[in-house]
Amino acid sequence: MTRASGRFESFPLRARVAVRTAWVLNAVSRRLGRGEGTVVGGSVALMIDGNLLRELTADREVALVSGTNGKTTTTKLLVAALQRGSSVPVVTNSTGSNMPAGHLGALIDADSGAPAVLEVDEGYLKEVLDASRAKVVVLLNLSRDQLDRTNEVRMMAERWRQALRSAARRDGSGETSVVVANADDPLVVYAAEGSANVVWVAGGQRWRADSTGCPKCGGRVVYNETPEVTGDSFDPPWACACGFVSPEPEAWIVEDTTSRGASVVFKGGQELKMELLLPGRFNYSNAMMALLGARVFGVSPSSAASAMAEIGEVAGRYSTRVIGGVSTRCLLAKNPAGWTELLELVSGAGGPIVIGINAKVADGQDPSWLWDVEFESLKGRTVVATGERCWDLAVRLRYAGVDHQVCPDPVEALRAGRELELRRDACVEFIGNYTVFHDVVADSGGSNC
Amino acid sequence: MLRVVVVHPDLLGTYGDGGNALVLVARARWRGVEAELVQAPSHVKLPEGDIYCLGGGEDGPQERSARILREEGSLKASLDDRGVLLAVCAGFQIAGNEFPGVGGESVGGLGVFDAVTTRGVGKRAVGEVLVEPSDELPIPLLTGFENHRGVTQLGSNTRALGTVVRGTGNSRESCSEGAVSGRAIGTYLHGPVLARNPALADLLLEWALGDRGVLGPIDDSEVEKLRDERIASFRRRKTGLFGCRFSNA
């Protein structure tokens with residue numbers, strides 16, 4: 001508590017009271033084992049001083065990461081990259097508390113002047129951007145997610161657009177945030193195109209159902225499935241007749257078909273080979289976005305790539321653990337866009353698949369989105385449905401023609417999955433949405449197999 | 001051949017309602033009835049079909065879809081002839097006489113239902129819904145999930161699909177949910193509604209097939225478990241199975 005307390009002496013009285021209250025509450029919360037002690041203190045501190053986020057970010061450089069999918073992973077990758085260029089620990093809200101209370105919880109314990117990488121819930125981007133005057137904003141993608149409690153996705157794109165425009169106007173000094181934005185997602189392009197300083201990156205977005213309608217004119221966005229990426233003239237991968245068209249990216253991913261890994265190719269022709277421990281093509285895109293963000297902080301791409309290559313799991317995601325005696329690879333997917341990427345990932349592995357679906361507040365209470373996921377691609381695989389909404393999933397799988405069992409308890413479901421597999425040593429692929437994933441990973445006691 | 005058409009999935013595909021068409025086609029095929037599913041995006045001319053499915057969507061796309069369907073005129077003509085309609089949420093509003101556009105102004109619908117939707121004040125109606133179907137429909141309790149801001153008033157020429165037991169439905173005042181007019185059904189229920197209510201799916205199939213096919217029994221044991229679990233969820237929350245006037249008080 002005393003480590004960083006000196007730097008708050010210059011704060012206004014209200015901010016000092018807020019910080020000290022948060023410290024006490026977080027310590028109590030941790031002592032009681034009621035959590036990791038970042039949200040409760042942050043929430044109360046925010047009530048005492050609504051400007052505290054501004055105070056706590058005033059003496060540091062800040063990067064924000066937002067988007068529907070991949071923000072926790074990209075945040076962790078960016079932290080690893082920035083740590084290479086920082087003598088003090090980089091601050092981050094690694095517990096996944098991605099609203100302002102979580103940001104405050106992370107910042108009040110941080111070293112003075114340490115750079116911060118904050119994962120930001122899509123709905124809070126404006127607020128956090130205004131307060132932090134971030135050096136870099138990484139915008140990954142936008143798609144439907146938890147429609148019962150968040151805005152529809154077009155409304156979110158509009159809010160981002162307004163947030164980035166007002167940030168650009170505010171900083172007439174030339175200190176505008178650098179926006180690293182996914183040029184493959186029309187909704188992200190719509191949001192970011194008004195900013196003064198954008199680095200466009202071809203970050204991929206296989207899920208297109210939310211962006212076939214042009215966010216500008218309502219017309220149809222037409223995708224070019226085989227754009228020419230190596231020619232001299234840019235061949236846009238998507239365009240609308242109104243003139244809204246994919247901007248030319250400064251970097252893109254080329255998969256290496258002969259060996260592990262993939263390369264980031266820069267517009268000038270340079271290539272950088274990356275070999276991540278994290279699986280999936282989408283994680284190479286996440287890493288590329290982080291790499292471009294780190295470059296703004298002065299970290300060289302090769303240095304960033306080698307730091308990111310050491311990341312093997314993200315809050316339990318992608319980890320392989322023994323859970324209830326079953327070797328399990330833990331994967332998280334919570335919406336159709338995330339599922340589209342993960343279905344491709346598990347198609348390469350042969351083990352049984354256990355899918356867990358809950359519908360608590362944090363998951364979204366309407367699992368109708370299961371019908372947007374192409375579960376038909378799992379035909380021929382061994383699937384077990386679990387979680388509180390296992391019967392919703394079972395009905396979906398029945399109509400998809402996928403043979404399955406139902407086992408409401410997740411750990412029992414993992415055992416059932418193993419029993420169904422002839423090769424008992426095969427890893428079970430567990431894919432859960434938010435709360436069922438956390439329940440299952442918590443059950444593992446963190447022991448990697 | 002039974003043809004199920006998903007109308008404008010690019011505009012009205014936000015809430016998982018595309019699943020309704022998957023359910024219809026599968027349940028027909030399981031009974032040996034040849035069936036095909038046709039996705040009809042908004043930039044192509046609407047194809048002929050036996051059953052049309054309209055789903056939920058955002059305000060801008062909803063307005064665009066309504067304009068295209070009105071200008072084409074073929075959906076209304078097909079429904080006047082022999083077509084069957086399932087219209088959900090934004091699609092239900094489009095199938096009425098008028099609904100609120102992006103700016104709140106009134107936009108003309110297809111007039112399949114004698115219904116006018118306005119924008120409600122206060123919170124969106126979001127949550128699980130239970131509906132007691134109208135007496136003339138031979139189906140059990142309807143279960144679903146609603147997520148809308150619309151207030152839909154039915155005119156004298158259109159009956160409600162049912163009475164709200166839990167949730168909001170057409171409006172907090174009326175206790176009515178959805179609409180039935182000829183061989184068209186409108187509802188606010190997602191889930192998707194036909195995945196959770198197979199009897200409603202079979203009713204639409206019977207309307208579409210007429211004497212062209214007989215729908216034998218099929219194994220719905222998993223759907224029954226889902227229905228039991230959803231209906232029991234109200235009891236778990238200790239809210240009881242009160243009528244909507246109680247629940248909204």
# chains A, B, ... in the order shown; residues from 1 in each chain; ligands from 1

call {"tool": "select_by_dssp", "arguments": {"residues": "segment 108-244 of chain B", "states": "strand (DSSP E)", "output": "ChimeraX atom specification"}}
result
/B:108,115-119,125-133,142-148,150-154,162-166,176-177,179-181,184-187

call {"tool": "select_by_dssp", "arguments": {"residues": "segment 139-365 of chain A", "states": "helix (DSSP H, G or I)", "output": "ChimeraX atom specification"}}
result
/A:153-170,186-192,281-296,301-308,336-347,361-363

call {"tool": "closest_atom_pairs", "arguments": {"of": "chain B", "to": "chain A", "cutoff": "8 Å", "atoms": "only C-alpha atoms", "output": "tab-separated table"}}
result
residue	atom	partner	partner_atom	distance
B:Asp10	CA	A:Thr212	CA	6.4
B:Leu11	CA	A:Gly213	CA	7.2
B:Gly13	CA	A:Ala209	CA	7.8
B:Thr14	CA	A:Arg144	CA	7.3
B:Tyr15	CA	A:Trp369	CA	6.5
B:Gly16	CA	A:Trp369	CA	4.9
B:Asp17	CA	A:Ser368	CA	7.5
B:Gly18	CA	A:Trp371	CA	7.1
B:Gly19	CA	A:Trp371	CA	5.2
B:Leu22	CA	A:Tyr399	CA	7.2
B:Val23	CA	A:Tyr399	CA	6.7
B:Ala26	CA	A:Tyr399	CA	6.6
B:His43	CA	A:Arg220	CA	7.6
B:Glu58	CA	A:Glu152	CA	7.0
B:Gly60	CA	A:Gly218	CA	7.4
B:Pro61	CA	A:Gly218	CA	7.0
B:Arg64	CA	A:Gly218	CA	7.7
B:Val126	CA	A:Asp148	CA	6.3
B:Gly127	CA	A:Gln365	CA	7.6
B:Phe145	CA	A:Asp366	CA	6.6
B:Asn147	CA	A:Asp148	CA	6.4
B:His190	CA	A:Ser368	CA	6.7
B:Gly191	CA	A:Ser368	CA	4.8
B:Pro192	CA	A:Ser368	CA	5.7
B:Ala195	CA	A:Val395	CA	7.3
B:Glu222	CA	A:Val395	CA	6.2
B:Val223	CA	A:Val395	CA	6.1
B:Lys225	CA	A:Trp391	CA	6.7
B:Leu226	CA	A:Trp391	CA	5.0

call {"tool": "closest_residue", "arguments": {"among": "A:Asp111, A:Thr257, A:Gly356, A:Ser66", "to": "Val138 of chain A", "atoms": "only C-alpha atoms"}}
result
A:Ser66

call {"tool": "residues_around", "arguments": {"residues": "segment 78-91 of chain B", "least_positions_apart": "3", "cutoff": "8 Å", "atoms": "only C-alpha atoms", "output": "VMD selection string"}}
result
chain B and resid 12 17 48 to 59 62 74 to 75 94 to 95 148 183 to 190 204 207 to 208

call {"tool": "write_last_selection", "arguments": {"atoms": "N, CA and C atoms", "output": "mmCIF file, in the first residue's frame"}}
result
data_model
loop_
_atom_site.group_PDB
_atom_site.id
_atom_site.type_symbol
_atom_site.label_atom_id
_atom_site.label_comp_id
_atom_site.auth_asym_id
_atom_site.auth_seq_id
_atom_site.Cartn_x
_atom_site.Cartn_y
_atom_site.Cartn_z
ATOM 1 N N LEU B 12 -32.784 -8.941 -41.552
ATOM 2 C CA LEU B 12 -33.621 -9.393 -40.434
ATOM 3 C C LEU B 12 -33.074 -10.683 -39.855
ATOM 4 N N ASP B 17 -33.265 -15.792 -35.484
ATOM 5 C CA ASP B 17 -34.548 -16.307 -35.967
ATOM 6 C C ASP B 17 -34.430 -17.134 -37.247
ATOM 7 N N GLU B 48 -40.628 -17.434 -54.967
ATOM 8 C CA GLU B 48 -41.900 -18.029 -54.538
ATOM 9 C C GLU B 48 -41.624 -19.021 -53.413
ATOM 10 N N GLY B 49 -42.523 -19.124 -52.442
ATOM 11 C CA GLY B 49 -42.329 -20.088 -51.373
ATOM 12 C C GLY B 49 -43.648 -20.545 -50.794
ATOM 13 N N ASP B 50 -43.577 -21.618 -49.987
ATOM 14 C CA ASP B 50 -44.771 -22.088 -49.281
ATOM 15 C C ASP B 50 -44.871 -21.458 -47.904
ATOM 16 N N ILE B 51 -43.717 -21.327 -47.237
ATOM 17 C CA ILE B 51 -43.685 -20.672 -45.928
ATOM 18 C C ILE B 51 -42.601 -19.599 -45.969
ATOM 19 N N TYR B 52 -42.952 -18.402 -45.520
ATOM 20 C CA TYR B 52 -41.982 -17.299 -45.457
ATOM 21 C C TYR B 52 -41.668 -17.009 -43.991
ATOM 22 N N CYS B 53 -40.373 -16.831 -43.700
ATOM 23 C CA CYS B 53 -39.959 -16.507 -42.334
ATOM 24 C C CYS B 53 -39.309 -15.129 -42.307
ATOM 25 N N LEU B 54 -39.895 -14.241 -41.497
ATOM 26 C CA LEU B 54 -39.296 -12.921 -41.267
ATOM 27 C C LEU B 54 -38.755 -12.897 -39.836
ATOM 28 N N GLY B 55 -37.554 -12.365 -39.644
ATOM 29 C CA GLY B 55 -36.956 -12.377 -38.316
ATOM 30 C C GLY B 55 -36.774 -10.992 -37.731
ATOM 31 N N GLY B 56 -36.061 -10.946 -36.608
ATOM 32 C CA GLY B 56 -35.811 -9.681 -35.929
ATOM 33 C C GLY B 56 -34.586 -8.981 -36.502
ATOM 34 N N GLY B 57 -34.555 -7.661 -36.395
ATOM 35 C CA GLY B 57 -33.414 -6.906 -36.905
ATOM 36 C C GLY B 57 -33.394 -5.515 -36.299
ATOM 37 N N GLU B 58 -32.383 -4.754 -36.672
ATOM 38 C CA GLU B 58 -32.238 -3.395 -36.143
ATOM 39 C C GLU B 58 -33.130 -2.427 -36.922
ATOM 40 N N ASP B 59 -33.295 -1.232 -36.378
ATOM 41 C CA ASP B 59 -34.280 -0.288 -36.931
ATOM 42 C C ASP B 59 -34.037 0.071 -38.398
ATOM 43 N N GLN B 62 -34.618 -2.813 -40.718
ATOM 44 C CA GLN B 62 -36.049 -3.135 -40.704
ATOM 45 C C GLN B 62 -36.812 -2.230 -41.677
ATOM 46 N N SER B 74 -44.606 -8.843 -53.948
ATOM 47 C CA SER B 74 -44.848 -10.272 -54.177
ATOM 48 C C SER B 74 -45.114 -11.050 -52.894
ATOM 49 N N LEU B 75 -44.546 -10.608 -51.774
ATOM 50 C CA LEU B 75 -44.795 -11.348 -50.524
ATOM 51 C C LEU B 75 -46.263 -11.238 -50.142
ATOM 52 N N ILE B 94 -43.158 -5.307 -39.315
ATOM 53 C CA ILE B 94 -43.232 -5.040 -40.750
ATOM 54 C C ILE B 94 -44.543 -5.576 -41.329
ATOM 55 N N ALA B 95 -44.964 -6.733 -40.835
ATOM 56 C CA ALA B 95 -46.175 -7.362 -41.377
ATOM 57 C C ALA B 95 -47.453 -6.660 -40.932
ATOM 58 N N HIS B 148 -37.422 -6.135 -27.237
ATOM 59 C CA HIS B 148 -37.960 -5.120 -28.148
ATOM 60 C C HIS B 148 -38.452 -3.899 -27.388
ATOM 61 N N ARG B 183 -53.419 -17.427 -42.548
ATOM 62 C CA ARG B 183 -52.332 -18.384 -42.311
ATOM 63 C C ARG B 183 -51.018 -17.664 -42.021
ATOM 64 N N ALA B 184 -51.165 -16.568 -41.325
ATOM 65 C CA ALA B 184 -49.972 -15.796 -40.923
ATOM 66 C C ALA B 184 -49.925 -15.692 -39.403
ATOM 67 N N ILE B 185 -48.728 -15.905 -38.864
ATOM 68 C CA ILE B 185 -48.535 -15.751 -37.422
ATOM 69 C C ILE B 185 -47.432 -14.734 -37.181
ATOM 70 N N GLY B 186 -47.717 -13.802 -36.267
ATOM 71 C CA GLY B 186 -46.710 -12.828 -35.857
ATOM 72 C C GLY B 186 -46.449 -12.985 -34.371
ATOM 73 N N THR B 187 -45.231 -12.761 -33.949
ATOM 74 C CA THR B 187 -44.894 -12.903 -32.531
ATOM 75 C C THR B 187 -43.636 -12.105 -32.203
ATOM 76 N N TYR B 188 -43.487 -11.764 -30.914
ATOM 77 C CA TYR B 188 -42.238 -11.151 -30.463
ATOM 78 C C TYR B 188 -41.234 -12.191 -29.961
ATOM 79 N N LEU B 189 -41.601 -13.471 -29.974
ATOM 80 C CA LEU B 189 -40.765 -14.478 -29.320
ATOM 81 C C LEU B 189 -39.579 -14.932 -30.166
ATOM 82 N N HIS B 190 -38.388 -14.810 -29.577
ATOM 83 C CA HIS B 190 -37.202 -15.459 -30.123
ATOM 84 C C HIS B 190 -37.006 -16.770 -29.367
ATOM 85 N N LEU B 204 -47.725 -24.642 -38.650
ATOM 86 C CA LEU B 204 -47.373 -23.920 -39.886
ATOM 87 C C LEU B 204 -47.175 -24.905 -41.039
ATOM 88 N N TRP B 207 -50.567 -26.076 -42.272
ATOM 89 C CA TRP B 207 -51.196 -25.018 -43.086
ATOM 90 C C TRP B 207 -50.592 -25.025 -44.492
ATOM 91 N N ALA B 208 -49.266 -25.190 -44.551
ATOM 92 C CA ALA B 208 -48.599 -25.103 -45.856
ATOM 93 C C ALA B 208 -48.849 -26.347 -46.704
#

call {"tool": "atom_distance", "arguments": {"atom1": "atom CA of Ser303 of chain A", "atom2": "atom CA of Ser112 of chain A"}}
result
24.4 Å

call {"tool": "closest_residue", "arguments": {"among": "A:Leu118, A:Ala385, A:Ala134, A:Met156", "to": "Thr72 of chain A", "atoms": "only C-alpha atoms"}}
result
A:Leu118

call {"tool": "atom_distance", "arguments": {"atom1": "atom CA of Asp219 of chain B", "atom2": "atom CA of Gly380 of chain A"}}
result
20.8 Å

call {"tool": "residues_around", "arguments": {"residues": "segment 27-41 of chain B", "least_positions_apart": "5", "cutoff": "6 Å", "atoms": "only C-alpha atoms", "output": "ChimeraX atom specification"}}
result
/B:1-10

call {"tool": "write_last_selection", "arguments": {"atoms": "all heavy atoms", "output": "mmCIF file, in the first residue's frame"}}
result
data_model
loop_
_atom_site.group_PDB
_atom_site.id
_atom_site.type_symbol
_atom_site.label_atom_id
_atom_site.label_comp_id
_atom_site.auth_asym_id
_atom_site.auth_seq_id
_atom_site.Cartn_x
_atom_site.Cartn_y
_atom_site.Cartn_z
ATOM 1 N N MET B 1 -42.679 -30.634 -53.276
ATOM 2 C CA MET B 1 -41.555 -29.962 -52.615
ATOM 3 C C MET B 1 -42.052 -28.750 -51.818
ATOM 4 O O MET B 1 -42.712 -27.877 -52.363
ATOM 5 C CB MET B 1 -40.546 -29.502 -53.681
ATOM 6 C CG MET B 1 -39.431 -28.635 -53.154
ATOM 7 S SD MET B 1 -38.289 -29.490 -52.068
ATOM 8 C CE MET B 1 -37.259 -30.344 -53.272
ATOM 9 N N LEU B 2 -41.742 -28.768 -50.538
ATOM 10 C CA LEU B 2 -42.114 -27.650 -49.673
ATOM 11 C C LEU B 2 -40.944 -26.671 -49.634
ATOM 12 O O LEU B 2 -39.821 -27.054 -49.350
ATOM 13 C CB LEU B 2 -42.396 -28.170 -48.263
ATOM 14 C CG LEU B 2 -42.792 -27.101 -47.252
ATOM 15 C CD1 LEU B 2 -44.298 -26.876 -47.306
ATOM 16 C CD2 LEU B 2 -42.378 -27.512 -45.849
ATOM 17 N N ARG B 3 -41.240 -25.412 -49.934
ATOM 18 C CA ARG B 3 -40.150 -24.442 -49.982
ATOM 19 C C ARG B 3 -40.309 -23.411 -48.850
ATOM 20 O O ARG B 3 -41.324 -22.723 -48.778
ATOM 21 C CB ARG B 3 -40.167 -23.744 -51.341
ATOM 22 C CG ARG B 3 -39.044 -22.758 -51.497
ATOM 23 C CD ARG B 3 -39.148 -22.074 -52.822
ATOM 24 N NE ARG B 3 -38.224 -22.644 -53.781
ATOM 25 C CZ ARG B 3 -37.904 -22.039 -54.923
ATOM 26 N NH1 ARG B 3 -38.442 -20.886 -55.241
ATOM 27 N NH2 ARG B 3 -37.044 -22.593 -55.739
ATOM 28 N N VAL B 4 -39.288 -23.369 -47.989
ATOM 29 C CA VAL B 4 -39.285 -22.423 -46.867
ATOM 30 C C VAL B 4 -38.305 -21.293 -47.208
ATOM 31 O O VAL B 4 -37.126 -21.546 -47.471
ATOM 32 C CB VAL B 4 -38.857 -23.116 -45.553
ATOM 33 C CG1 VAL B 4 -38.857 -22.118 -44.404
ATOM 34 C CG2 VAL B 4 -39.775 -24.297 -45.251
ATOM 35 N N VAL B 5 -38.818 -20.073 -47.216
ATOM 36 C CA VAL B 5 -38.004 -18.931 -47.629
ATOM 37 C C VAL B 5 -37.673 -18.053 -46.419
ATOM 38 O O VAL B 5 -38.573 -17.611 -45.700
ATOM 39 C CB VAL B 5 -38.754 -18.082 -48.687
ATOM 40 C CG1 VAL B 5 -37.931 -16.851 -49.070
ATOM 41 C CG2 VAL B 5 -39.070 -18.924 -49.911
ATOM 42 N N VAL B 6 -36.384 -17.847 -46.186
ATOM 43 C CA VAL B 6 -35.953 -16.890 -45.155
ATOM 44 C C VAL B 6 -35.852 -15.530 -45.841
ATOM 45 O O VAL B 6 -35.002 -15.317 -46.705
ATOM 46 C CB VAL B 6 -34.591 -17.282 -44.550
ATOM 47 C CG1 VAL B 6 -34.201 -16.295 -43.461
ATOM 48 C CG2 VAL B 6 -34.650 -18.695 -43.990
ATOM 49 N N VAL B 7 -36.741 -14.626 -45.446
ATOM 50 C CA VAL B 7 -36.827 -13.330 -46.123
ATOM 51 C C VAL B 7 -35.783 -12.366 -45.537
ATOM 52 O O VAL B 7 -35.758 -12.113 -44.335
ATOM 53 C CB VAL B 7 -38.243 -12.733 -45.963
ATOM 54 C CG1 VAL B 7 -38.342 -11.391 -46.694
ATOM 55 C CG2 VAL B 7 -39.293 -13.709 -46.471
ATOM 56 N N HIS B 8 -34.921 -11.867 -46.387
ATOM 57 C CA HIS B 8 -33.934 -10.836 -46.033
ATOM 58 C C HIS B 8 -33.092 -11.183 -44.802
ATOM 59 O O HIS B 8 -33.060 -10.418 -43.835
ATOM 60 C CB HIS B 8 -34.625 -9.476 -45.821
ATOM 61 C CG HIS B 8 -35.337 -8.982 -47.038
ATOM 62 N ND1 HIS B 8 -36.145 -7.865 -47.026
ATOM 63 C CD2 HIS B 8 -35.386 -9.455 -48.311
ATOM 64 C CE1 HIS B 8 -36.642 -7.655 -48.239
ATOM 65 N NE2 HIS B 8 -36.208 -8.617 -49.037
ATOM 66 N N PRO B 9 -32.407 -12.322 -44.830
ATOM 67 C CA PRO B 9 -31.555 -12.668 -43.664
ATOM 68 C C PRO B 9 -30.459 -11.632 -43.424
ATOM 69 O O PRO B 9 -29.971 -11.501 -42.307
ATOM 70 C CB PRO B 9 -30.956 -14.024 -44.052
ATOM 71 C CG PRO B 9 -31.050 -14.088 -45.544
ATOM 72 C CD PRO B 9 -32.291 -13.321 -45.898
ATOM 73 N N ASP B 10 -30.088 -10.883 -44.467
ATOM 74 C CA ASP B 10 -29.058 -9.848 -44.299
ATOM 75 C C ASP B 10 -29.582 -8.659 -43.509
ATOM 76 O O ASP B 10 -28.808 -7.913 -42.914
ATOM 77 C CB ASP B 10 -28.537 -9.389 -45.673
ATOM 78 C CG ASP B 10 -29.663 -8.986 -46.617
ATOM 79 O OD1 ASP B 10 -30.757 -9.594 -46.554
ATOM 80 O OD2 ASP B 10 -29.456 -8.054 -47.423
#

call {"tool": "residues_around", "arguments": {"residues": "segment 307-321 of chain A", "least_positions_apart": "4", "cutoff": "7 Å", "atoms": "only C-alpha atoms", "output": "ChimeraX atom specification"}}
result
/A:73,77,80-81,275-278,303,327-332,441,444,447-449

call {"tool": "write_last_selection", "arguments": {"atoms": "N, CA and C atoms", "output": "PDB file, in the first residue's frame"}}
result
ATOM      1  N   THR A  73      -7.215 -11.446 -25.100  1.00  0.00           N
ATOM      2  CA  THR A  73      -5.986 -12.004 -25.669  1.00  0.00           C
ATOM      3  C   THR A  73      -5.082 -10.897 -26.210  1.00  0.00           C
ATOM      4  N   LEU A  77      -1.266  -9.855 -25.132  1.00  0.00           N
ATOM      5  CA  LEU A  77      -0.173  -9.828 -26.101  1.00  0.00           C
ATOM      6  C   LEU A  77       0.499  -8.452 -26.126  1.00  0.00           C
ATOM      7  N   ALA A  80       2.690  -7.964 -23.101  1.00  0.00           N
ATOM      8  CA  ALA A  80       3.969  -8.663 -23.262  1.00  0.00           C
ATOM      9  C   ALA A  80       4.908  -7.863 -24.157  1.00  0.00           C
ATOM     10  N   ALA A  81       4.364  -7.320 -25.231  1.00  0.00           N
ATOM     11  CA  ALA A  81       5.186  -6.554 -26.172  1.00  0.00           C
ATOM     12  C   ALA A  81       5.716  -5.273 -25.521  1.00  0.00           C
ATOM     13  N   GLU A 275       5.823 -17.074 -34.595  1.00  0.00           N
ATOM     14  CA  GLU A 275       5.451 -18.429 -34.193  1.00  0.00           C
ATOM     15  C   GLU A 275       4.850 -18.351 -32.810  1.00  0.00           C
ATOM     16  N   LEU A 276       3.524 -18.393 -32.727  1.00  0.00           N
ATOM     17  CA  LEU A 276       2.853 -18.238 -31.437  1.00  0.00           C
ATOM     18  C   LEU A 276       2.582 -19.590 -30.795  1.00  0.00           C
ATOM     19  N   LEU A 277       2.545 -19.593 -29.477  1.00  0.00           N
ATOM     20  CA  LEU A 277       2.042 -20.775 -28.773  1.00  0.00           C
ATOM     21  C   LEU A 277       0.523 -20.808 -28.859  1.00  0.00           C
ATOM     22  N   LEU A 278      -0.101 -19.650 -28.923  1.00  0.00           N
ATOM     23  CA  LEU A 278      -1.565 -19.593 -29.009  1.00  0.00           C
ATOM     24  C   LEU A 278      -2.024 -20.170 -30.347  1.00  0.00           C
ATOM     25  N   SER A 303      10.969  -7.407 -31.755  1.00  0.00           N
ATOM     26  CA  SER A 303      11.009  -7.526 -30.306  1.00  0.00           C
ATOM     27  C   SER A 303       9.622  -7.879 -29.766  1.00  0.00           C
ATOM     28  N   SER A 327      -7.867 -34.935 -19.368  1.00  0.00           N
ATOM     29  CA  SER A 327      -7.025 -33.949 -20.056  1.00  0.00           C
ATOM     30  C   SER A 327      -7.909 -33.124 -20.990  1.00  0.00           C
ATOM     31  N   THR A 328      -7.875 -31.826 -20.794  1.00  0.00           N
ATOM     32  CA  THR A 328      -8.841 -30.969 -21.478  1.00  0.00           C
ATOM     33  C   THR A 328      -8.158 -29.739 -22.045  1.00  0.00           C
ATOM     34  N   ARG A 329      -8.446 -29.410 -23.293  1.00  0.00           N
ATOM     35  CA  ARG A 329      -8.024 -28.105 -23.817  1.00  0.00           C
ATOM     36  C   ARG A 329      -9.200 -27.157 -23.635  1.00  0.00           C
ATOM     37  N   CYS A 330      -8.948 -26.029 -22.975  1.00  0.00           N
ATOM     38  CA  CYS A 330     -10.033 -25.108 -22.605  1.00  0.00           C
ATOM     39  C   CYS A 330     -10.127 -23.949 -23.596  1.00  0.00           C
ATOM     40  N   LEU A 331     -11.279 -23.832 -24.208  1.00  0.00           N
ATOM     41  CA  LEU A 331     -11.486 -22.766 -25.194  1.00  0.00           C
ATOM     42  C   LEU A 331     -12.747 -21.997 -24.849  1.00  0.00           C
ATOM     43  N   LEU A 332     -12.740 -20.705 -25.144  1.00  0.00           N
ATOM     44  CA  LEU A 332     -13.901 -19.876 -24.828  1.00  0.00           C
ATOM     45  C   LEU A 332     -14.498 -19.295 -26.108  1.00  0.00           C
ATOM     46  N   VAL A 441     -12.696 -23.958 -15.539  1.00  0.00           N
ATOM     47  CA  VAL A 441     -11.277 -23.679 -15.321  1.00  0.00           C
ATOM     48  C   VAL A 441     -10.991 -23.581 -13.822  1.00  0.00           C
ATOM     49  N   SER A 444     -10.275 -26.829 -12.172  1.00  0.00           N
ATOM     50  CA  SER A 444      -9.040 -27.523 -12.496  1.00  0.00           C
ATOM     51  C   SER A 444      -7.964 -27.249 -11.462  1.00  0.00           C
ATOM     52  N   SER A 447      -3.974 -26.730 -12.523  1.00  0.00           N
ATOM     53  CA  SER A 447      -2.859 -27.652 -12.787  1.00  0.00           C
ATOM     54  C   SER A 447      -2.779 -28.008 -14.262  1.00  0.00           C
ATOM     55  N   ASN A 448      -1.720 -27.616 -14.876  1.00  0.00           N
ATOM     56  CA  ASN A 448      -1.528 -27.964 -16.287  1.00  0.00           C
ATOM     57  C   ASN A 448      -1.102 -29.416 -16.409  1.00  0.00           C
ATOM     58  N   CYS A 449      -1.549 -30.080 -17.472  1.00  0.00           N
ATOM     59  CA  CYS A 449      -1.129 -31.475 -17.623  1.00  0.00           C
ATOM     60  C   CYS A 449       0.039 -31.568 -18.592  1.00  0.00           C
TER      61      CYS A 449
END

call {"tool": "residues_around", "arguments": {"residues": "Val296 of chain A", "least_positions_apart": "6", "cutoff": "8 Å", "atoms": "only C-alpha atoms", "output": "PyMOL selection string"}}
result
chain A and resi 135-136+178

call {"tool": "write_last_selection", "arguments": {"atoms": "C-alpha atoms", "output": "PDB file, in the first residue's frame"}}
result
ATOM      1  CA  LYS A 135      -1.762   7.054 -27.078  1.00  0.00           C
ATOM      2  CA  VAL A 136      -3.078   4.011 -28.955  1.00  0.00           C
ATOM      3  CA  VAL A 178      -3.244   6.487 -33.007  1.00  0.00           C
TER       4      VAL A 178
END

call {"tool": "atom_distance", "arguments": {"atom1": "atom CA of Ala305 of chain A", "atom2": "atom CA of Leu78 of chain A"}}
result
9.9 Å

call {"tool": "closest_residue", "arguments": {"among": "B:Val151, B:Ala201, B:Ile68, B:Val129", "to": "Glu173 of chain B", "atoms": "only C-alpha atoms"}}
result
B:Val151
